[in-house]
Structure formats: C-alpha cells, structure tokens
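Asker: I'd like to ask some things about the structure below.
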Amino acid sequence: MQYDVVTIGAGHNALVASAYLAQAGYRVGVFERRPIVGGAVSTQEIVPGYQFDLGGSAHILIRLTPIVEELQLERFGLTYLDLDPLFFAPFPDDEAVFIYRDVDRTVDHLESLFPGQGRAYRRFIDDWRDFSLTVRDTFLASPSPFQLGKSMAFGGSPPMDWKAAMRHITRPYGEVVSEYFSEHKLQTMLAWMAAQSGPPPTEPMTGPFVLWHPLYHEGGIARPRGGSGMLTQALKQHIEAHGGDVFVDAPVTEILMENGEAVGVRVDDEPITARATLAGTHVKESLGRLLPERYRPDFIDNLRLGNGFGAILRLALDRPVRYTAHPGTDARVGLQLICRDMQQLHSAYGSFMQKRPAEDPPIVAMTFSAVDDTLAPPGGEVLWLWAQYFPYELADGQRWEDIKGDVADTILDTFEQYAPGTRDAIVGQLFQHPEWLERELGLFRGNVMHLEMSIDQMFMLRPHLSLSDYRAHVDRLYLTGASTHPGGGIMGASGRNAARVLLKDLD
Ligand SMILES: Cc1cc2nc3c(=O)[nH]c(=O)nc-3n(C[C@H](O)[C@H](O)[C@H](O)COP(=O)(O)OP(=O)(O)OC[C@H]3O[C@@H](n4cnc5c(N)ncnc54)[C@H](O)[C@@H]3O)c2cc1C
C-alpha cells in the first residue's frame, strides 16, 4: 500500500481529518481536483490586488471546537482576527442596530433603542445558553442515539430541562423570535441570521437555528488574516510537515474496489493504494460517481439536495462602503444583516418556491478589509453580498448564464438603498450563482451545505441512517464533509469525528 489513508478532495473537513491522521503518524495522501486546496473554504486573487473568498467567510463554528489548538495551526500560518461588533443591521428609517460580542453591551444598546428589548435579549441568551452548548457537544461526537443522549445528559454543559425546551426546539425559528421579541427589527435580524442554514422561517423543527444564537457570544465570529483560505492553507502545511502529501489538479476518477473492500483510488490513470480511503467530497460524488456502479447504495438518488438557496456577488471597490444609517467603521466589521422585515424574507422564499430569483433579496454584506489590510490595496475594500433565495433550477427553462447579469444588478440595487454610491466604486467583480457553485466547487445543485439541513437529514440521518458513523457501506471506505454529521458550515467537526473513527479502525 502506498498510503495508510488516501483522502479524496481537500475541503476543510477532509484536510482536518487528514491532519489528525498525519499527526498521529499515519502516512496520508490527499488528492484535490481543483488547482488550490480548500473547496468552499478558499481564497484567491480574483481581481488584481483583491483577495476574494470563494466560499465561506465567517468562521464561527470552528471556534467552538478544539481543532485549531490541537493541530497547532498558528504554527502553520493561521491567525484569527476576532470581529466585534458581531452583527450590524441598517434599516430603511436609518436606524442602526448592533449585536456586540459582549452580552451586557448588547443588552444596553438594545435597551437604549427599544426599551424592554434589551432585557428580552438577556432572557433569550440566559434561557438558551446551556442548550446551545449542548448542541456544540453533539457536533463534536459521532451521532449515535447513545452519544446524543450522553451529550444531552452528561455533556460538558450543564444539564437542561428538555421537557420545557422541546416546545421551542420543535417550532419554526420564525415563531421563536416573535415569542421572545416584540420589536420587529430584532425579530428580523435574528431570523435572517438563522435563515443562513437554509430552511425558511416557517419550517417546523428549525427552532435550533435561532436557539443556538448564544454561541455567537460564546465563540465569537472570526476571520483568518489573509482570507478564509488561510485555514485550509495552514492545514495543508500541517499535513506536509507531518510527512503527508497534498496534491492539487489531481481529480479522483474512481474508488478502487477489491473483494468488496475499498483499496484506494484512481487519479487520472494511476492507481493509488491505501489501507483506508476517506472521501471528503459531496456524498453524491463519493458514493454516486466514484464508486463502481454495483456498489452504489440505493439511497443515493433519494437524498434531498434542495434547489440551491443563495448566490453571492463579490465586489472589489476603490473605496470603503459607507452606510447611510451608520457611516462609522464599526458598521463594516461584522456581518451586515440587510433585511427590512420578515415580509421581505417570506417573499424572497415565495419567489424561490416558484423557481424564480428573489426580486428584492435580503442580503448579508461583508467588508472584511475593514479588519484585514491584506485583502485589498490601500484605500480599497472587498464587499461580498450573499443574498437569498435563488433557485438552482429555474422556471420556464431559464438558465443562469442568461439571467446572471440581471440578478447581480438586483442584488446591487437592493444594497445601494443602504449604501448609495457603491456601484460607482466597483473595479472588479465575481458573481457566484448556484450553477457556478456546482460547476466550480462541486456543490451539487448549488447547496453550500451539500444536503438540506432539515431534521430528516441531520444527526444520525446524515447522509443516511445506515452510515452515519463516518464508515461507508463498503469496508475500508470512510466519509467526511458537509454531507455527514454535523453538516455544512466552516466547523471541521466532521473531519475531527471521522479521524477518531479511522484512528480506532487503523489501530
Ligand atoms: C458562497 C459560500 C458562502 C458560505 N458562507 C459560509 C460562512 O460564511 N460561514 C460558514 O460557516 N459556512 C459558509 N459556507 C458553507 C461552508 O463553506 C461549506 O459548507 C463547507 O466549507 C463545506 O466543506 P466540506 O469539508 O464539506 O468540503 P467542500 O468544501 O465541499 O470540498 C470538497 C472538495 O472536494 C473536491 N472534489 C470534488 N470532487 C473531487 C474529485 N473527484 N477528486 C478530487 N477532489 C474532488 C472539491 O473540489 C472540493 O475542494 C459557505 C459556502 C459557500 C459556497
């Protein structure tokens, strides 16, 4: 065997798993199809002088794991910049609302704007802090019923009253926010942030998408200095420093099978053999395209991939963004939640259900050049506008190539209402629509979470009940990535969990 473990794809979960294995002394070979590592956590100079992330930008969940410390990623070039304020929301009446890292400061600010709502915010955080810590614990373990129960009853976080909590957990998050807050602006901010996981605010059982909000205060929101991709670059360097190989421009075309067991992969025409094969690719790629047909599991065609949900317009500007509601720099630090009211969110989802792009989309704007001077030339700015909802498959046989210019304009028009003059500052751009995400990043149907993040595909049901412990249905084949527990987002927990299973089996 050439390797102990051969890894398919260099998404951040695959790299995290490979780094743990390399650190434990195993010989690892990683094969990535694209010219750079990282998949949906990568950064490239798309416009000269401007560093654009190609996927995720806000590092939230990974900060709640021990991964960065356990792998000593600072030694390999990773420096996190903490963002504070965490969130800023401008409204059409020019009211500016902030959520700070510090709960007390946030409570005071909200109380000064909306008497009574600061206190409601504190109650919300107090009520759900333990729950959110328990959720974090469940993310950091393989999702068996036993493990889930153990995290809930004896996890690192204080035990909680599950009977009382169940009412909120099983509700749509759109209802949870209106139970806690009477102020519509606050309801909208929290619901719009919860909507980033995919499901709409009316979907039952989605309460947790807003109930884990206390975690933002717990772990914060951060940015790797130099761009999101510095995380995956550091992981690559870690693997290589521990004797592993990381190859780019190296597409895997097949998982090699012998006597019913995975024995490695084929890269171009070359067989690469290994004791174990770890697929960090989308499960449709790993078990659908790469496995010889007779080994493909039946469920592969029935997974719910959804119909895309967001698109992102990345802009290089020659000057900083200036919000009318709050021209100060602190507006440009954290995530800028641009959503007028719940109605805007609902109508965007309504268009999406008709397979039409939202005409007045809510936006999360990001301008991380405000905290990181390596992203843009002096005086310049990177501005990214993530907007929802945008279907992958369009009505009336329309194609994204035909409508992409108009949709990008719509997103910019919406943003201009809050920061007029932005259009005149543009020196370059990249528009990543759902078809782009599938074509370039391997995100089937433009779903940045791989599979829908709904209760039927979470925990031990992700990607399927029969293989939820990172072991595939054929021997010596393992899975990691957003298609597995705990799903999409920059977290690395799937990679860490998968590595633990592999370490046990390799021993
Ligand atoms: C535009 C966008 C914005 C986002 N924003 C955020 C955010 O702000 N915060 C957040 O937490 N999350 C965000 N996400 C989600 C998050 O980035 C992803 O869910 C997560 O990075 C997926 O990681 P993964 O480990 O599953 O691997 P992926 O990133 O899916 O990587 C899989 C890798 O496998 C490679 N591959 C595919 N097929 C083959 C093959 N045959 N051979 C070899 N290699 C192959 C691909 O090229 C890719 O590099 C965003 C995603 C996108 C796209």
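Ligands are numbered from 1 in the order shown, chains are lettered A, B, ... in the order of the structure tokens, and residues start at 1 in each chain.
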A:Met453: which residues within 9 Å, counting only C-alpha atoms, same-chain residues fewer than 2 positions away excluded, as a tab-separated table (two decimals) with N, CA and C atoms, in the first residue's frame?
Answerer:
```tsv
chain	number	residue	atom	x	y	z
A	197	SER	N	-28.86	28.86	7.43
A	197	SER	CA	-28.68	27.40	7.37
A	197	SER	C	-29.50	26.79	6.23
A	198	GLY	N	-30.42	27.54	5.67
A	198	GLY	CA	-31.16	27.02	4.51
A	198	GLY	C	-32.67	27.03	4.68
A	199	PRO	N	-33.21	26.24	5.65
A	199	PRO	CA	-34.66	26.16	5.76
A	199	PRO	C	-35.31	27.52	6.04
A	449	MET	N	-24.44	23.61	1.76
A	449	MET	CA	-24.42	22.68	2.89
A	449	MET	C	-24.39	21.22	2.39
A	450	HIS	N	-24.21	21.00	1.11
A	450	HIS	CA	-24.26	19.69	0.42
A	450	HIS	C	-25.68	19.15	0.38
A	451	LEU	N	-26.24	18.82	1.56
A	451	LEU	CA	-27.61	18.27	1.65
A	451	LEU	C	-28.45	19.24	2.45
A	455	ILE	N	-34.45	18.29	9.52
A	455	ILE	CA	-34.36	17.28	10.57
A	455	ILE	C	-34.25	15.85	10.01
A	456	ASP	N	-34.82	15.62	8.81
A	456	ASP	CA	-34.76	14.28	8.22
A	456	ASP	C	-33.36	13.94	7.70
A	457	GLN	N	-32.45	14.93	7.72
A	457	GLN	CA	-31.08	14.66	7.23
A	457	GLN	C	-30.04	15.20	8.21
A	458	MET	N	-30.38	15.19	9.50
A	458	MET	CA	-29.43	15.67	10.49
A	458	MET	C	-29.06	14.52	11.43
A	487	GLY	N	-22.95	18.45	9.34
A	487	GLY	CA	-23.45	19.17	8.19
A	487	GLY	C	-22.55	20.30	7.74
A	488	GLY	N	-23.16	21.26	7.01
A	488	GLY	CA	-22.39	22.32	6.38
A	488	GLY	C	-21.93	23.40	7.34
```
Asker: I'd like the contact shell of A:Met205 - 7 Å cut-off, only C-alpha atoms, skipping same-chain residues fewer than 3 positions apart - returned as number ranges by chain.
Answerer: A: 169-172, 455
Asker: Output the selection as a PDB file, in the first residue's frame - C-alpha atoms for each residue.
Answerer:
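Okay, result17.pdb is ready:
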```
ATOM      1  CA  ILE A 169     -36.993  23.381  19.651  1.00  0.00           C
ATOM      2  CA  THR A 170     -39.764  21.842  17.570  1.00  0.00           C
ATOM      3  CA  ARG A 171     -41.117  25.199  16.342  1.00  0.00           C
ATOM      4  CA  PRO A 172     -40.174  27.150  13.234  1.00  0.00           C
ATOM      5  CA  ILE A 455     -34.362  17.278  10.574  1.00  0.00           C
TER       6      ILE A 455
END
```
Asker: With a distance cut-off of 9 Å and only C-alpha atoms, select the neighbouring residues of A:Leu503, excluding the residue or stretch itself and same-chain residues fewer than 4 positions from it, and output the selection as a PyMOL selection string.
Answerer: chain A and resi 20-21+24+498-499+507
Asker: Check the smallest atom-to-atom distance from each of A:Gly49, A:Pro361, A:Gly405, A:Gly229 to ligand 1 using only C-alpha atoms and all ligand atoms, then report the winner.
Answerer: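 Counting only C-alpha atoms and all ligand atoms, the residue closest to ligand 1 is A:Gly229.
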Asker: Give me, as an mmCIF file with C-alpha atoms, in the first residue's frame, all polymer residues having an atom no more than 12 Å from A:Asp249, counting only C-alpha atoms and skipping those fewer than 4 positions away in the same chain.
Answerer:
```cif
data_model
loop_
_atom_site.group_PDB
_atom_site.id
_atom_site.type_symbol
_atom_site.label_atom_id
_atom_site.label_comp_id
_atom_site.auth_asym_id
_atom_site.auth_seq_id
_atom_site.Cartn_x
_atom_site.Cartn_y
_atom_site.Cartn_z
ATOM 1 C CA GLY A 9 -10.892 16.120 -2.060
ATOM 2 C CA ALA A 10 -9.249 18.846 0.016
ATOM 3 C CA VAL A 30 -4.728 13.947 -0.274
ATOM 4 C CA PHE A 31 -5.950 14.348 -3.869
ATOM 5 C CA GLU A 32 -7.809 17.534 -4.860
ATOM 6 C CA ARG A 33 -9.425 18.166 -8.229
ATOM 7 C CA ARG A 34 -9.030 21.966 -8.180
ATOM 8 C CA PRO A 35 -5.782 23.958 -8.525
ATOM 9 C CA ILE A 36 -5.938 25.004 -4.862
ATOM 10 C CA VAL A 37 -6.981 23.263 -1.663
ATOM 11 C CA VAL A 267 -6.149 9.570 -10.128
ATOM 12 C CA ASP A 268 -6.050 10.173 -13.866
#
```
Asker: Just to confirm, what's the straight-line distance from atom CA of A:Leu461 to atom CA of A:Leu437 in Å (one decimal)?
Answerer: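 Going from atom CA of A:Leu461 over to atom CA of A:Leu437 covers 24.8 Å.
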Asker: Please identify which residues in stretch 258-453 of chain A DSSP calls alpha helix (DSSP H) from the backbone, and express them as number ranges by chain.
Answerer: A: 283, 342-353, 400-416, 434-441
Asker: Export, as a PDB file, in the first residue's frame, the selected residues with C-alpha atoms.
Answerer:
```pdb
ATOM      1  CA  VAL A 283     -21.767  12.196  -0.973  1.00  0.00           C
ATOM      2  CA  MET A 342     -39.894  39.381   7.911  1.00  0.00           C
ATOM      3  CA  GLN A 343     -42.093  40.080   4.897  1.00  0.00           C
ATOM      4  CA  GLN A 344     -39.033  40.576   2.710  1.00  0.00           C
ATOM      5  CA  LEU A 345     -37.701  37.196   3.834  1.00  0.00           C
ATOM      6  CA  HIS A 346     -41.022  35.474   3.197  1.00  0.00           C
ATOM      7  CA  SER A 347     -41.494  36.972  -0.269  1.00  0.00           C
ATOM      8  CA  ALA A 348     -37.944  36.048  -1.291  1.00  0.00           C
ATOM      9  CA  TYR A 349     -38.734  32.473  -0.269  1.00  0.00           C
ATOM     10  CA  GLY A 350     -42.059  32.689  -2.127  1.00  0.00           C
ATOM     11  CA  SER A 351     -40.247  33.530  -5.387  1.00  0.00           C
ATOM     12  CA  PHE A 352     -37.800  30.690  -4.741  1.00  0.00           C
ATOM     13  CA  MET A 353     -40.677  28.232  -4.371  1.00  0.00           C
ATOM     14  CA  TRP A 400     -28.292  31.080 -15.036  1.00  0.00           C
ATOM     15  CA  GLU A 401     -25.928  32.070 -17.842  1.00  0.00           C
ATOM     16  CA  ASP A 402     -28.778  34.100 -19.366  1.00  0.00           C
ATOM     17  CA  ILE A 403     -30.022  35.843 -16.217  1.00  0.00           C
ATOM     18  CA  LYS A 404     -26.866  36.207 -14.104  1.00  0.00           C
ATOM     19  CA  GLY A 405     -26.211  39.841 -15.092  1.00  0.00           C
ATOM     20  CA  ASP A 406     -29.739  40.949 -14.189  1.00  0.00           C
ATOM     21  CA  VAL A 407     -29.710  39.060 -10.887  1.00  0.00           C
ATOM     22  CA  ALA A 408     -26.344  40.548  -9.895  1.00  0.00           C
ATOM     23  CA  ASP A 409     -27.803  44.001 -10.680  1.00  0.00           C
ATOM     24  CA  THR A 410     -30.836  43.306  -8.497  1.00  0.00           C
ATOM     25  CA  ILE A 411     -28.620  42.401  -5.546  1.00  0.00           C
ATOM     26  CA  LEU A 412     -26.579  45.558  -6.012  1.00  0.00           C
ATOM     27  CA  ASP A 413     -29.715  47.720  -6.401  1.00  0.00           C
ATOM     28  CA  THR A 414     -31.004  46.397  -3.076  1.00  0.00           C
ATOM     29  CA  PHE A 415     -27.682  47.128  -1.392  1.00  0.00           C
ATOM     30  CA  GLU A 416     -27.494  50.647  -2.883  1.00  0.00           C
ATOM     31  CA  PRO A 434     -25.999  28.257  -7.855  1.00  0.00           C
ATOM     32  CA  GLU A 435     -24.826  26.815 -11.194  1.00  0.00           C
ATOM     33  CA  TRP A 436     -21.386  28.388 -10.658  1.00  0.00           C
ATOM     34  CA  LEU A 437     -21.163  26.818  -7.201  1.00  0.00           C
ATOM     35  CA  GLU A 438     -21.936  23.389  -8.627  1.00  0.00           C
ATOM     36  CA  ARG A 439     -19.588  23.703 -11.584  1.00  0.00           C
ATOM     37  CA  GLU A 440     -16.591  25.209  -9.796  1.00  0.00           C
ATOM     38  CA  LEU A 441     -16.828  23.921  -6.229  1.00  0.00           C
TER      39      LEU A 441
END
```
Asker: Please determine, counting only C-alpha atoms, which residue among A:Leu78, A:Leu190, A:Leu383, A:Leu303 has the shortest atom-to-atom distance to A:Arg223.
Answerer: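 Selected residue with least distance to A:Arg223: A:Leu78.
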Asker: One decimal, Å: what's the distance from atom 37 (C, counted along the ligand's line) of ligand 1 over to atom CA of A:Phe139, could you say?
Answerer: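 Atom CA of A:Phe139 lies at a distance of 23.6 Å from atom 37 (C, counted along the ligand's line) of ligand 1.
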Asker: Considering only strand (DSSP E or B) as DSSP defines it on the backbone, what residues of stretch 208-368 of chain A qualify? List them as an MDAnalysis selection string.
Answerer: chainID A and resid 221:224 245:247 252:258 261:267 270:279 306 308 310:317 335:338 363:366
Asker: If you keep N, CA and C atoms, can you produce a file of those selected residues as a compact mmCIF listing (two decimals), in the first residue's frame?
Answerer:
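So again25.txt came out as:
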```txt
# COMPACT_ATOMS: atom_id res chain seq x y z
N ILE A 221 -17.18 35.53 16.26
CA ILE A 221 -17.07 35.34 14.81
C ILE A 221 -15.67 35.84 14.45
N ALA A 222 -14.99 35.06 13.63
CA ALA A 222 -13.60 35.44 13.35
C ALA A 222 -13.27 35.27 11.88
N ARG A 223 -12.12 35.83 11.52
CA ARG A 223 -11.61 35.76 10.16
C ARG A 223 -10.15 35.37 10.20
N PRO A 224 -9.73 34.40 9.40
CA PRO A 224 -8.29 34.18 9.27
C PRO A 224 -7.67 35.39 8.56
N ASP A 245 1.25 13.90 1.90
CA ASP A 245 1.30 14.53 0.57
C ASP A 245 -0.05 15.16 0.28
N VAL A 246 -0.03 16.36 -0.29
CA VAL A 246 -1.28 17.00 -0.73
C VAL A 246 -1.10 17.38 -2.20
N PHE A 247 -1.90 16.77 -3.05
CA PHE A 247 -1.79 17.03 -4.49
C PHE A 247 -2.98 17.85 -4.97
N VAL A 252 -9.80 12.63 -8.59
CA VAL A 252 -10.01 11.19 -8.42
C VAL A 252 -11.12 10.78 -9.39
N THR A 253 -10.90 9.74 -10.16
CA THR A 253 -11.92 9.33 -11.13
C THR A 253 -12.66 8.08 -10.69
N GLU A 254 -12.11 7.37 -9.69
CA GLU A 254 -12.76 6.13 -9.28
C GLU A 254 -12.24 5.69 -7.91
N ILE A 255 -13.12 5.10 -7.12
CA ILE A 255 -12.66 4.43 -5.89
C ILE A 255 -12.40 2.97 -6.27
N LEU A 256 -11.20 2.49 -5.98
CA LEU A 256 -10.84 1.14 -6.40
C LEU A 256 -11.38 0.11 -5.41
N MET A 257 -12.00 -0.92 -5.92
CA MET A 257 -12.60 -1.96 -5.06
C MET A 257 -11.93 -3.30 -5.35
N GLU A 258 -11.72 -4.06 -4.29
CA GLU A 258 -11.18 -5.41 -4.47
C GLU A 258 -11.84 -6.30 -3.42
N GLU A 261 -13.95 -4.57 -0.88
CA GLU A 261 -13.34 -3.57 0.01
C GLU A 261 -12.72 -2.45 -0.83
N ALA A 262 -12.72 -1.22 -0.26
CA ALA A 262 -12.05 -0.12 -0.94
C ALA A 262 -10.56 -0.27 -0.72
N VAL A 263 -9.78 -0.20 -1.81
CA VAL A 263 -8.33 -0.38 -1.68
C VAL A 263 -7.55 0.83 -2.16
N GLY A 264 -8.27 1.92 -2.46
CA GLY A 264 -7.57 3.13 -2.91
C GLY A 264 -8.38 3.86 -3.96
N VAL A 265 -7.68 4.68 -4.75
CA VAL A 265 -8.38 5.49 -5.75
C VAL A 265 -7.61 5.48 -7.06
N ARG A 266 -8.29 5.91 -8.12
CA ARG A 266 -7.59 6.13 -9.38
C ARG A 266 -7.53 7.64 -9.60
N VAL A 267 -6.32 8.14 -9.84
CA VAL A 267 -6.15 9.57 -10.13
C VAL A 267 -5.58 9.63 -11.53
N GLU A 270 -3.76 6.59 -12.90
CA GLU A 270 -2.84 5.92 -11.97
C GLU A 270 -3.56 5.39 -10.73
N PRO A 271 -3.41 4.12 -10.41
CA PRO A 271 -4.00 3.62 -9.15
C PRO A 271 -3.14 4.02 -7.96
N ILE A 272 -3.80 4.48 -6.90
CA ILE A 272 -3.10 4.84 -5.66
C ILE A 272 -3.72 3.95 -4.58
N THR A 273 -2.90 3.13 -3.94
CA THR A 273 -3.46 2.17 -2.99
C THR A 273 -3.28 2.64 -1.55
N ALA A 274 -4.21 2.21 -0.68
CA ALA A 274 -4.15 2.64 0.72
C ALA A 274 -4.92 1.65 1.59
N ARG A 275 -4.55 1.63 2.87
CA ARG A 275 -5.28 0.76 3.81
C ARG A 275 -6.71 1.24 3.99
N ALA A 276 -6.89 2.57 3.95
CA ALA A 276 -8.24 3.12 4.10
C ALA A 276 -8.40 4.27 3.12
N THR A 277 -9.64 4.45 2.64
CA THR A 277 -9.95 5.55 1.72
C THR A 277 -10.96 6.45 2.40
N LEU A 278 -10.65 7.75 2.43
CA LEU A 278 -11.54 8.71 3.09
C LEU A 278 -12.04 9.70 2.04
N ALA A 279 -13.36 9.74 1.84
CA ALA A 279 -13.93 10.65 0.84
C ALA A 279 -14.46 11.90 1.53
N GLY A 306 -32.15 19.73 -2.28
CA GLY A 306 -32.80 21.03 -2.39
C GLY A 306 -32.58 21.63 -3.77
N GLY A 308 -30.75 24.68 -4.42
CA GLY A 308 -29.89 25.85 -4.16
C GLY A 308 -30.54 26.71 -3.11
N GLY A 310 -28.75 30.25 -2.16
CA GLY A 310 -28.17 31.59 -2.15
C GLY A 310 -27.26 31.83 -3.33
N ALA A 311 -26.90 33.09 -3.52
CA ALA A 311 -25.92 33.48 -4.54
C ALA A 311 -25.11 34.61 -3.93
N ILE A 312 -23.87 34.78 -4.40
CA ILE A 312 -23.03 35.80 -3.79
C ILE A 312 -22.32 36.65 -4.85
N LEU A 313 -22.47 37.94 -4.67
CA LEU A 313 -21.82 38.91 -5.56
C LEU A 313 -20.60 39.45 -4.82
N ARG A 314 -19.41 39.19 -5.37
CA ARG A 314 -18.17 39.65 -4.72
C ARG A 314 -17.65 40.85 -5.49
N LEU A 315 -17.41 41.93 -4.78
CA LEU A 315 -17.02 43.17 -5.43
C LEU A 315 -15.69 43.68 -4.90
N ALA A 316 -14.87 44.18 -5.83
CA ALA A 316 -13.64 44.91 -5.46
C ALA A 316 -13.99 46.38 -5.60
N LEU A 317 -13.81 47.14 -4.53
CA LEU A 317 -14.16 48.57 -4.55
C LEU A 317 -12.89 49.41 -4.39
N LEU A 335 -20.88 40.87 10.47
CA LEU A 335 -21.83 40.53 9.41
C LEU A 335 -22.91 41.59 9.34
N GLN A 336 -23.15 42.11 8.17
CA GLN A 336 -24.10 43.21 7.99
C GLN A 336 -25.42 42.63 7.47
N LEU A 337 -26.41 42.62 8.36
CA LEU A 337 -27.67 41.93 8.07
C LEU A 337 -28.65 42.92 7.44
N ILE A 338 -28.86 42.75 6.15
CA ILE A 338 -29.69 43.72 5.43
C ILE A 338 -31.00 43.07 5.05
N ILE A 363 -29.98 40.42 2.26
CA ILE A 363 -28.53 40.30 1.98
C ILE A 363 -27.75 40.20 3.30
N VAL A 364 -26.70 39.39 3.29
CA VAL A 364 -25.66 39.52 4.33
C VAL A 364 -24.45 40.14 3.63
N ALA A 365 -24.10 41.36 4.04
CA ALA A 365 -22.95 42.02 3.41
C ALA A 365 -21.73 41.82 4.30
N MET A 366 -20.56 41.70 3.67
CA MET A 366 -19.31 41.51 4.42
C MET A 366 -18.23 42.39 3.81
```
Asker: Using only C-alpha atoms and all ligand atoms, can you tell me which of A:Glu69, A:Glu452, A:Glu359, A:Glu203 comes closest to ligand 1?
Answerer: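 Checking each candidate against ligand 1, we get A:Glu452 as the closest.
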Asker: Write out as a ChimeraX atom specification which residues come within 9 Å of stretch 105-116 of chain A when counting only C-alpha atoms, dropping same-chain ones fewer than 5 positions away.
Answerer: /A:95,97-100,121-122,183,186
Asker: Measuring atom to atom with only C-alpha atoms, identify which of A:Phe390, A:Phe299, A:Trp384, A:Tyr26 is nearest to A:Gly55.
Answerer: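 Ranking A:Phe390, A:Phe299, A:Trp384, A:Tyr26 by distance to A:Gly55, first place goes to A:Trp384.
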Asker: Need the shell around A:Gly421: protein/DNA/RNA residues with any atom at most 12 Å away, counting only C-alpha atoms. Skip same-chain ones fewer than 2 positions apart. Format as an MDAnalysis selection string?
Answerer: chainID A and resid 317:324 412:413 415:419 423:426
Asker: My list of candidates is A:Gly442, A:Gly118, A:Gly243, A:Gly260. Which is closest to A:His282 when distances are computed with only C-alpha atoms?
Answerer: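 Nearest candidate to A:His282 out of A:Gly442, A:Gly118, A:Gly243, A:Gly260: A:Gly442.
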Asker: Using only C-alpha atoms and all ligand atoms, which residue out of A:Thr281, A:Gln237, A:Thr206, A:Ser454 lies closest to ligand 1?
Answerer: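 Smallest distance to ligand 1 is found for A:Thr281.
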Asker: Kindly give the distance, in Å, that separates atom CA of A:Val16 and atom 22 (C, counted along the ligand's line) of ligand 1, rounded to a single decimal.
Answerer: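 Atom CA of A:Val16 sits 11.8 Å away from atom 22 (C, counted along the ligand's line) of ligand 1.
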Asker: Might you pull out every residue within 8 Å of A:Phe209, with only C-alpha atoms counted and same-chain residues fewer than 6 positions away left off, and present them as a VMD selection string?
Answerer: chain A and resid 173 194 to 195 197
Asker: Create the file for the chosen residues now, containing C-alpha atoms and written as a PDB file, in the first residue's frame.
Answerer:
```pdb
ATOM      1  CA  TYR A 173     -37.491  29.696  14.131  1.00  0.00           C
ATOM      2  CA  ALA A 194     -30.980  31.761  11.293  1.00  0.00           C
ATOM      3  CA  ALA A 195     -32.053  31.562   7.634  1.00  0.00           C
ATOM      4  CA  SER A 197     -28.684  27.398   7.367  1.00  0.00           C
TER       5      SER A 197
END
```
